Amino acid sequence: MRYFSTRDENSERPATLSEAIVQGAAKDGGLYLPESIPTVAHRLFEGLSVDAIAERGLAGFFEGDALEDDLHEIAHDALSFPVPLNRLEENLHVLELFHGPTAAFKDVGARFLAACMQRIPMNGARRTILVATSGDTGGAVAAAFYKRAGFDVIILFPDGRVSPLQAQQLSCWGENVRSFAVNGNFDDCQRLVKEAFANHDLCSTLGLSSANSINIGRLLPQIVYYLHAANLLYEEEGGPPGFIVPSGNLGNATACAIAKQMGARIGPVVLACNANRTVPDYFAMQGWRPRSSVTTLASAMDVGNPSNMERLRALFSDEEALRRELKAIAVSDEQISASIGFAFNSWGKAWCPHTATALYAYADMSDEVQQERPWVVVATAHAAKFAEVVEPIVGQNVEMPESLAALMDRPAHSEALEPDISAFKRALS
Ligand SMILES: *Cc1c(COP(=O)(O)O)cnc(C)c1O
């Protein structure tokens, strides 16, 4: 299987999967996609565990690559936590993706990427994974590469602008992980990362690699839980299940669209966005107008210019097909709060603000649409990660999952950093 950049219109610059993973973004600034979407038979996955589904479901994407023979091990290494599908009511299911080490679905992509990178030969050189984070990504990447032989991790996060729990999760590692609390905002962190990658000295002395969310190595494993859920609901009445995906940078939604194109039995796909309306406006025929992001309660989805839109467009023949297969809705902070409260009162469980965004999208549908098929709400983080939002609404403490509680007990250490590249260089020397 060859991979091409979304901007390589005449397919002139093929990359192998390993090359695409090491590069992250393509050199022309586009995003890598496979030259074709491999198809799978409907019933192929019956009775299989998630890692076994990954092995069969992703085989086509690995075909001919140096990593092909390692897929079994990679899947086993990365997808080692449960992704339960629970029924909330007759036609409503929740796919829980937050049972990994840092309690958000980003663990799936980060762990798979780490498992792949570790198996790509680097002639004995060490590699440094440099990542800027506004919250969930940095923790997931640190956890995925922590103590992995041959890797160092550098995390840059905006000092005082992540939640206390997130700050702890970003700075509790030690060993091969260094955390910098940058005196600036997330954009400053991202700018520093870009400057570091553009700096020849830093690139070669550190062996810099990115674990950016547009890396195809993070996208592929996310397909797996859609194959898994579609497989579990195969016998349900009412036709293929619809999926409601809390969406920011659209990686998760792109994975769902790919699973559907592979032949998984999936109905409509609904992108549940927060007050960042770029995507919902596009689906309402108002054109593609990226803009600055606004801050919302579902902060991990505060994206004004979602990069994976470029992949989604490339996956469909034209805009009409894209708009036919996917739908999008914008959910305000008031609606997110109401949804957290409503879900708690109805089903006795607290959900994170991102998941609540998707639950709102379900509640907003007509009875008729709700009843015509099974629906799956994708749950992207554990409520305890966003306790400062959720607890005042549900009026009680949200219990932390064990994996998170273990991180909270570790000693934390981060280094202060001014947001300029020379300060960064000095800190590393
Ligand atoms: C990153 C994130 C999202 C958004 O996912 P995308 O793939 O960027 O659309 C949603 N919820 C949580 C909890 C996240 O961390």
# chains A, B, ... in the order shown; residues from 1 in each chain; ligands from 1

call {"tool": "residues_near_ligand", "arguments": {"ligand": "ligand 1", "cutoff": "7 Å", "atoms": "only C-alpha atoms and all ligand atoms", "output": "VMD selection string"}}
result
chain A and resid 104 to 106 136 to 137 246 to 253 300 to 301 354 380 to 381

call {"tool": "select_by_dssp", "arguments": {"residues": "segment 171-298 of chain A", "states": "strand (DSSP E or B)", "output": "ChimeraX atom specification"}}
result
/A:174,177-182,208-210,242-246,269-273

call {"tool": "residues_around", "arguments": {"residues": "Ser49 of chain A", "least_positions_apart": "6", "cutoff": "10 Å", "atoms": "only C-alpha atoms", "output": "PyMOL selection string"}}
result
chain A and resi 55+79-80+82+228

call {"tool": "residues_around", "arguments": {"residues": "Cys256 of chain A", "least_positions_apart": "3", "cutoff": "10 Å", "atoms": "only C-alpha atoms", "output": "list in words"}}
result
Leu219, Gln222, Ile223, Val224, Tyr225, Tyr226, Leu227, Phe243, Ile244, Val245, Leu250, Gly251, Asn252, Ala253, Ala259, Lys260, Gln261, Met262, Ala264, Ile266 and Val269 of chain A

call {"tool": "closest_atom_pairs", "arguments": {"of": "segment 123-170 of chain A", "to": "segment 18-41 of chain A", "cutoff": "12 Å", "atoms": "only C-alpha atoms", "output": "JSON lines"}}
result
{"residue": "A:Arg127", "atom": "CA", "partner": "A:Val22", "partner_atom": "CA", "distance": 10.7}
{"residue": "A:Thr128", "atom": "CA", "partner": "A:Val22", "partner_atom": "CA", "distance": 11.8}
{"residue": "A:Ile129", "atom": "CA", "partner": "A:Val22", "partner_atom": "CA", "distance": 10.8}

call {"tool": "closest_residue", "arguments": {"among": "A:Leu233, A:Ile329, A:Leu165, A:Val94", "to": "Ala343 of chain A", "atoms": "only C-alpha atoms"}}
result
A:Val94

call {"tool": "closest_residue", "arguments": {"among": "A:Pro164, A:Pro241, A:Gly174, A:Pro14", "to": "Glu415 of chain A", "atoms": "only C-alpha atoms"}}
result
A:Gly174

call {"tool": "residues_around", "arguments": {"residues": "segment 68-76 of chain A", "least_positions_apart": "4", "cutoff": "6 Å", "atoms": "only C-alpha atoms", "output": "list in words"}}
result
Asp51, Glu55, Phe62, Glu63 and Ala115 of chain A

call {"tool": "residues_around", "arguments": {"residues": "Leu359 of chain A", "least_positions_apart": "6", "cutoff": "12 Å", "atoms": "only C-alpha atoms", "output": "number ranges by chain"}}
result
A: 88, 92-95, 243-246, 270-273, 329, 331, 335-344, 346-347, 350-353, 365, 370, 375-380

call {"tool": "write_last_selection", "arguments": {"atoms": "N, CA, C and O atoms", "output": "compact mmCIF listing (two decimals), in the first residue's frame"}}
result
# COMPACT_ATOMS: atom_id res chain seq x y z
N LEU A 88 -27.35 2.67 26.85
CA LEU A 88 -27.96 3.59 27.81
C LEU A 88 -29.47 3.47 27.78
O LEU A 88 -30.14 3.56 28.80
N LEU A 92 -29.82 3.65 22.19
CA LEU A 92 -28.66 4.51 22.42
C LEU A 92 -27.54 3.76 23.14
O LEU A 92 -27.73 3.23 24.24
N HIS A 93 -26.39 3.74 22.49
CA HIS A 93 -25.21 3.06 23.05
C HIS A 93 -24.09 4.07 23.21
O HIS A 93 -24.04 5.06 22.49
N VAL A 94 -23.18 3.79 24.15
CA VAL A 94 -22.01 4.66 24.31
C VAL A 94 -20.75 3.80 24.15
O VAL A 94 -20.60 2.77 24.79
N LEU A 95 -19.87 4.24 23.25
CA LEU A 95 -18.61 3.56 23.04
C LEU A 95 -17.55 4.27 23.87
O LEU A 95 -17.15 5.40 23.56
N PHE A 243 -23.27 6.87 14.10
CA PHE A 243 -22.25 7.25 15.09
C PHE A 243 -22.26 8.76 15.28
O PHE A 243 -22.32 9.51 14.32
N ILE A 244 -22.20 9.17 16.55
CA ILE A 244 -22.11 10.60 16.86
C ILE A 244 -20.74 10.83 17.50
O ILE A 244 -20.44 10.28 18.57
N VAL A 245 -19.90 11.61 16.83
CA VAL A 245 -18.49 11.72 17.20
C VAL A 245 -18.18 13.14 17.70
O VAL A 245 -18.30 14.10 16.93
N PRO A 246 -17.78 13.29 18.97
CA PRO A 246 -17.34 14.61 19.44
C PRO A 246 -16.13 15.04 18.62
O PRO A 246 -15.15 14.30 18.54
N VAL A 270 -22.44 11.62 12.53
CA VAL A 270 -22.74 12.99 12.95
C VAL A 270 -21.54 13.57 13.70
O VAL A 270 -21.06 12.96 14.65
N LEU A 271 -21.05 14.71 13.25
CA LEU A 271 -19.93 15.38 13.92
C LEU A 271 -20.51 16.34 14.93
O LEU A 271 -21.17 17.32 14.57
N ALA A 272 -20.28 16.07 16.22
CA ALA A 272 -20.78 16.94 17.27
C ALA A 272 -19.67 17.92 17.64
O ALA A 272 -18.66 17.54 18.22
N CYS A 273 -19.87 19.19 17.27
CA CYS A 273 -18.86 20.23 17.54
C CYS A 273 -19.37 21.13 18.65
O CYS A 273 -20.56 21.19 18.93
N ILE A 329 -23.23 19.31 13.80
CA ILE A 329 -24.06 20.16 14.64
C ILE A 329 -23.14 20.95 15.57
O ILE A 329 -22.11 20.44 16.03
N VAL A 331 -22.83 22.83 19.21
CA VAL A 331 -23.48 22.75 20.52
C VAL A 331 -22.87 23.83 21.42
O VAL A 331 -21.65 23.89 21.57
N GLN A 335 -25.81 24.38 26.22
CA GLN A 335 -26.36 23.07 25.85
C GLN A 335 -25.48 21.93 26.38
O GLN A 335 -25.99 20.88 26.78
N ILE A 336 -24.16 22.15 26.40
CA ILE A 336 -23.27 21.12 26.95
C ILE A 336 -23.56 20.93 28.44
O ILE A 336 -23.71 19.79 28.92
N SER A 337 -23.67 22.02 29.18
CA SER A 337 -23.98 21.93 30.62
C SER A 337 -25.30 21.21 30.84
O SER A 337 -25.40 20.31 31.68
N ALA A 338 -26.30 21.62 30.06
CA ALA A 338 -27.62 21.00 30.22
C ALA A 338 -27.54 19.51 29.92
O ALA A 338 -28.17 18.69 30.59
N SER A 339 -26.74 19.16 28.93
CA SER A 339 -26.61 17.76 28.53
C SER A 339 -25.93 16.93 29.63
O SER A 339 -26.33 15.79 29.90
N ILE A 340 -24.91 17.50 30.28
CA ILE A 340 -24.25 16.79 31.39
C ILE A 340 -25.28 16.53 32.50
O ILE A 340 -25.38 15.41 33.02
N GLY A 341 -26.08 17.56 32.82
CA GLY A 341 -27.09 17.42 33.87
C GLY A 341 -28.16 16.43 33.49
O GLY A 341 -28.54 15.54 34.28
N PHE A 342 -28.65 16.53 32.25
CA PHE A 342 -29.71 15.64 31.78
C PHE A 342 -29.26 14.18 31.79
O PHE A 342 -29.97 13.29 32.28
N ALA A 343 -28.03 13.95 31.30
CA ALA A 343 -27.53 12.57 31.24
C ALA A 343 -27.34 12.00 32.64
O ALA A 343 -27.63 10.83 32.89
N PHE A 344 -26.89 12.84 33.56
CA PHE A 344 -26.69 12.37 34.93
C PHE A 344 -28.02 12.00 35.57
O PHE A 344 -28.17 10.95 36.20
N SER A 346 -30.77 11.18 33.99
CA SER A 346 -31.44 10.09 33.27
C SER A 346 -30.78 8.74 33.51
O SER A 346 -31.45 7.73 33.66
N TRP A 347 -29.45 8.71 33.48
CA TRP A 347 -28.76 7.42 33.52
C TRP A 347 -27.80 7.28 34.68
O TRP A 347 -27.05 6.31 34.78
N ALA A 350 -21.94 10.47 35.15
CA ALA A 350 -21.38 11.75 34.70
C ALA A 350 -20.50 11.51 33.47
O ALA A 350 -19.68 10.60 33.47
N TRP A 351 -20.71 12.33 32.44
CA TRP A 351 -19.90 12.23 31.21
C TRP A 351 -19.08 13.50 31.05
O TRP A 351 -19.47 14.56 31.54
N CYS A 352 -17.97 13.41 30.35
CA CYS A 352 -17.12 14.58 30.14
C CYS A 352 -17.82 15.56 29.18
O CYS A 352 -18.75 15.17 28.47
N PRO A 353 -17.41 16.81 29.14
CA PRO A 353 -18.10 17.80 28.29
C PRO A 353 -18.09 17.44 26.80
O PRO A 353 -19.02 17.81 26.08
N MET A 365 -32.18 15.10 18.17
CA MET A 365 -32.82 14.46 17.01
C MET A 365 -34.30 14.23 17.29
O MET A 365 -34.71 14.09 18.44
N GLN A 370 -34.33 9.06 16.05
CA GLN A 370 -33.74 8.26 17.13
C GLN A 370 -34.15 6.80 17.01
O GLN A 370 -33.38 5.89 17.31
N TRP A 375 -28.05 3.98 17.70
CA TRP A 375 -27.10 5.10 17.64
C TRP A 375 -25.98 4.86 18.64
O TRP A 375 -26.23 4.35 19.73
N VAL A 376 -24.78 5.25 18.25
CA VAL A 376 -23.63 5.11 19.14
C VAL A 376 -23.03 6.49 19.40
O VAL A 376 -22.60 7.17 18.46
N VAL A 377 -23.03 6.89 20.65
CA VAL A 377 -22.33 8.11 21.04
C VAL A 377 -20.91 7.71 21.43
O VAL A 377 -20.70 6.78 22.20
N VAL A 378 -19.93 8.40 20.86
CA VAL A 378 -18.54 8.09 21.15
C VAL A 378 -18.09 8.91 22.37
O VAL A 378 -18.22 10.13 22.37
N ALA A 379 -17.63 8.22 23.41
CA ALA A 379 -17.22 8.89 24.66
C ALA A 379 -15.70 9.03 24.64
O ALA A 379 -14.97 8.05 24.69
N THR A 380 -15.22 10.29 24.57
CA THR A 380 -13.80 10.50 24.29
C THR A 380 -12.92 10.70 25.52
O THR A 380 -11.71 10.56 25.43

call {"tool": "closest_residue", "arguments": {"among": "A:Pro121, A:Asp152, A:Leu113, A:Gly138", "to": "Ser171 of chain A", "atoms": "only C-alpha atoms"}}
result
A:Gly138

call {"tool": "select_by_dssp", "arguments": {"residues": "segment 96-184 of chain A", "states": "helix (DSSP H, G or I)", "output": "JSON, numbers by chain"}}
result
{"A": [106, 107, 108, 109, 110, 111, 112, 113, 114, 115, 116, 117, 118, 136, 137, 138, 139, 140, 141, 142, 143, 144, 145, 164, 165, 166, 167, 168, 169, 170, 171]}

call {"tool": "atom_distance", "arguments": {"atom1": "atom CA of Lys425 of chain A", "atom2": "atom CA of Glu175 of chain A"}}
result
20.0 Å

call {"tool": "closest_residue", "arguments": {"among": "A:Asp107, A:Lys147, A:Ala196, A:Ser163", "to": "Ala423 of chain A", "atoms": "only C-alpha atoms"}}
result
A:Ala196

call {"tool": "closest_residue", "arguments": {"among": "A:Gly100, A:Gly150, A:Pro268, A:Pro306", "to": "Gly207 of chain A", "atoms": "only C-alpha atoms"}}
result
A:Gly150

call {"tool": "atom_distance", "arguments": {"atom1": "atom CA of Ala229 of chain A", "atom2": "atom CA of Met1 of chain A"}}
result
25.6 Å

call {"tool": "atom_distance", "arguments": {"atom1": "atom CA of Phe283 of chain A", "atom2": "atom CA of Asn91 of chain A"}}
result
25.5 Å

call {"tool": "residues_around", "arguments": {"residues": "segment 311-319 of chain A", "least_positions_apart": "3", "cutoff": "7 Å", "atoms": "only C-alpha atoms", "output": "JSON list (two decimals) with N, CA, C and O atoms, in the first residue's frame"}}
result
[["chain", "number", "residue", "atom", "x", "y", "z"],
["A", 6, "THR", "N", -2.41, 14.62, 0.53],
["A", 6, "THR", "CA", -3.67, 15.16, 0.00],
["A", 6, "THR", "C", -3.42, 16.28, -1.02],
["A", 6, "THR", "O", -4.31, 16.64, -1.77],
["A", 31, "LEU", "N", -1.59, 16.07, 4.04],
["A", 31, "LEU", "CA", -1.71, 14.96, 4.99],
["A", 31, "LEU", "C", -1.71, 13.65, 4.22],
["A", 31, "LEU", "O", -2.31, 13.55, 3.15],
["A", 254, "THR", "N", -12.72, 11.30, 10.91],
["A", 254, "THR", "CA", -12.12, 10.78, 9.68],
["A", 254, "THR", "C", -11.95, 9.26, 9.78],
["A", 254, "THR", "O", -12.23, 8.53, 8.83],
["A", 308, "ASN", "N", -7.87, 17.94, 9.71],
["A", 308, "ASN", "CA", -8.30, 16.72, 9.01],
["A", 308, "ASN", "C", -9.43, 16.94, 8.00],
["A", 308, "ASN", "O", -9.83, 16.01, 7.31],
["A", 322, "LEU", "N", -19.74, 14.20, 0.47],
["A", 322, "LEU", "CA", -19.30, 14.44, 1.85],
["A", 322, "LEU", "C", -20.46, 14.89, 2.72],
["A", 322, "LEU", "O", -20.69, 14.38, 3.82],
["A", 323, "ARG", "N", -21.24, 15.83, 2.19],
["A", 323, "ARG", "CA", -22.37, 16.35, 2.97],
["A", 323, "ARG", "C", -23.49, 15.33, 3.10],
["A", 323, "ARG", "O", -24.28, 15.39, 4.03]]

call {"tool": "decode", "arguments": {"residues": "segment 258-272 of chain A", "atoms": "N, CA and C atoms", "output": "short mmCIF file (atom, residue, chain, number, x, y, z; two decimals), in the first residue's frame"}}
result
data_model
loop_
_atom_site.label_atom_id
_atom_site.label_comp_id
_atom_site.auth_asym_id
_atom_site.auth_seq_id
_atom_site.Cartn_x
_atom_site.Cartn_y
_atom_site.Cartn_z
N ILE A 258 -13.54 6.43 7.32
CA ILE A 258 -12.73 5.40 6.65
C ILE A 258 -13.29 4.01 6.96
N ALA A 259 -13.67 3.78 8.24
CA ALA A 259 -14.24 2.47 8.61
C ALA A 259 -15.47 2.18 7.75
N LYS A 260 -16.27 3.19 7.52
CA LYS A 260 -17.48 3.02 6.70
C LYS A 260 -17.11 2.69 5.26
N GLN A 261 -16.11 3.39 4.73
CA GLN A 261 -15.69 3.13 3.35
C GLN A 261 -15.05 1.74 3.21
N MET A 262 -14.52 1.22 4.31
CA MET A 262 -13.96 -0.13 4.27
C MET A 262 -15.05 -1.19 4.15
N GLY A 263 -16.29 -0.78 4.39
CA GLY A 263 -17.40 -1.72 4.30
C GLY A 263 -18.02 -2.07 5.63
N ALA A 264 -17.54 -1.45 6.72
CA ALA A 264 -18.18 -1.70 8.02
C ALA A 264 -19.62 -1.22 7.94
N ARG A 265 -20.48 -1.91 8.69
CA ARG A 265 -21.91 -1.60 8.64
C ARG A 265 -22.17 -0.38 9.52
N ILE A 266 -22.03 0.79 8.92
CA ILE A 266 -22.17 2.06 9.64
C ILE A 266 -23.15 2.95 8.89
N GLY A 267 -24.10 3.53 9.62
CA GLY A 267 -25.09 4.42 9.03
C GLY A 267 -24.57 5.85 8.98
N PRO A 268 -25.44 6.82 9.32
CA PRO A 268 -25.00 8.21 9.29
C PRO A 268 -23.91 8.49 10.32
N VAL A 269 -23.04 9.43 10.00
CA VAL A 269 -21.99 9.86 10.93
C VAL A 269 -22.25 11.34 11.24
N VAL A 270 -22.44 11.62 12.53
CA VAL A 270 -22.74 12.99 12.95
C VAL A 270 -21.54 13.57 13.70
N LEU A 271 -21.05 14.71 13.25
CA LEU A 271 -19.93 15.38 13.92
C LEU A 271 -20.51 16.34 14.93
N ALA A 272 -20.28 16.07 16.22
CA ALA A 272 -20.78 16.94 17.27
C ALA A 272 -19.67 17.92 17.64
#
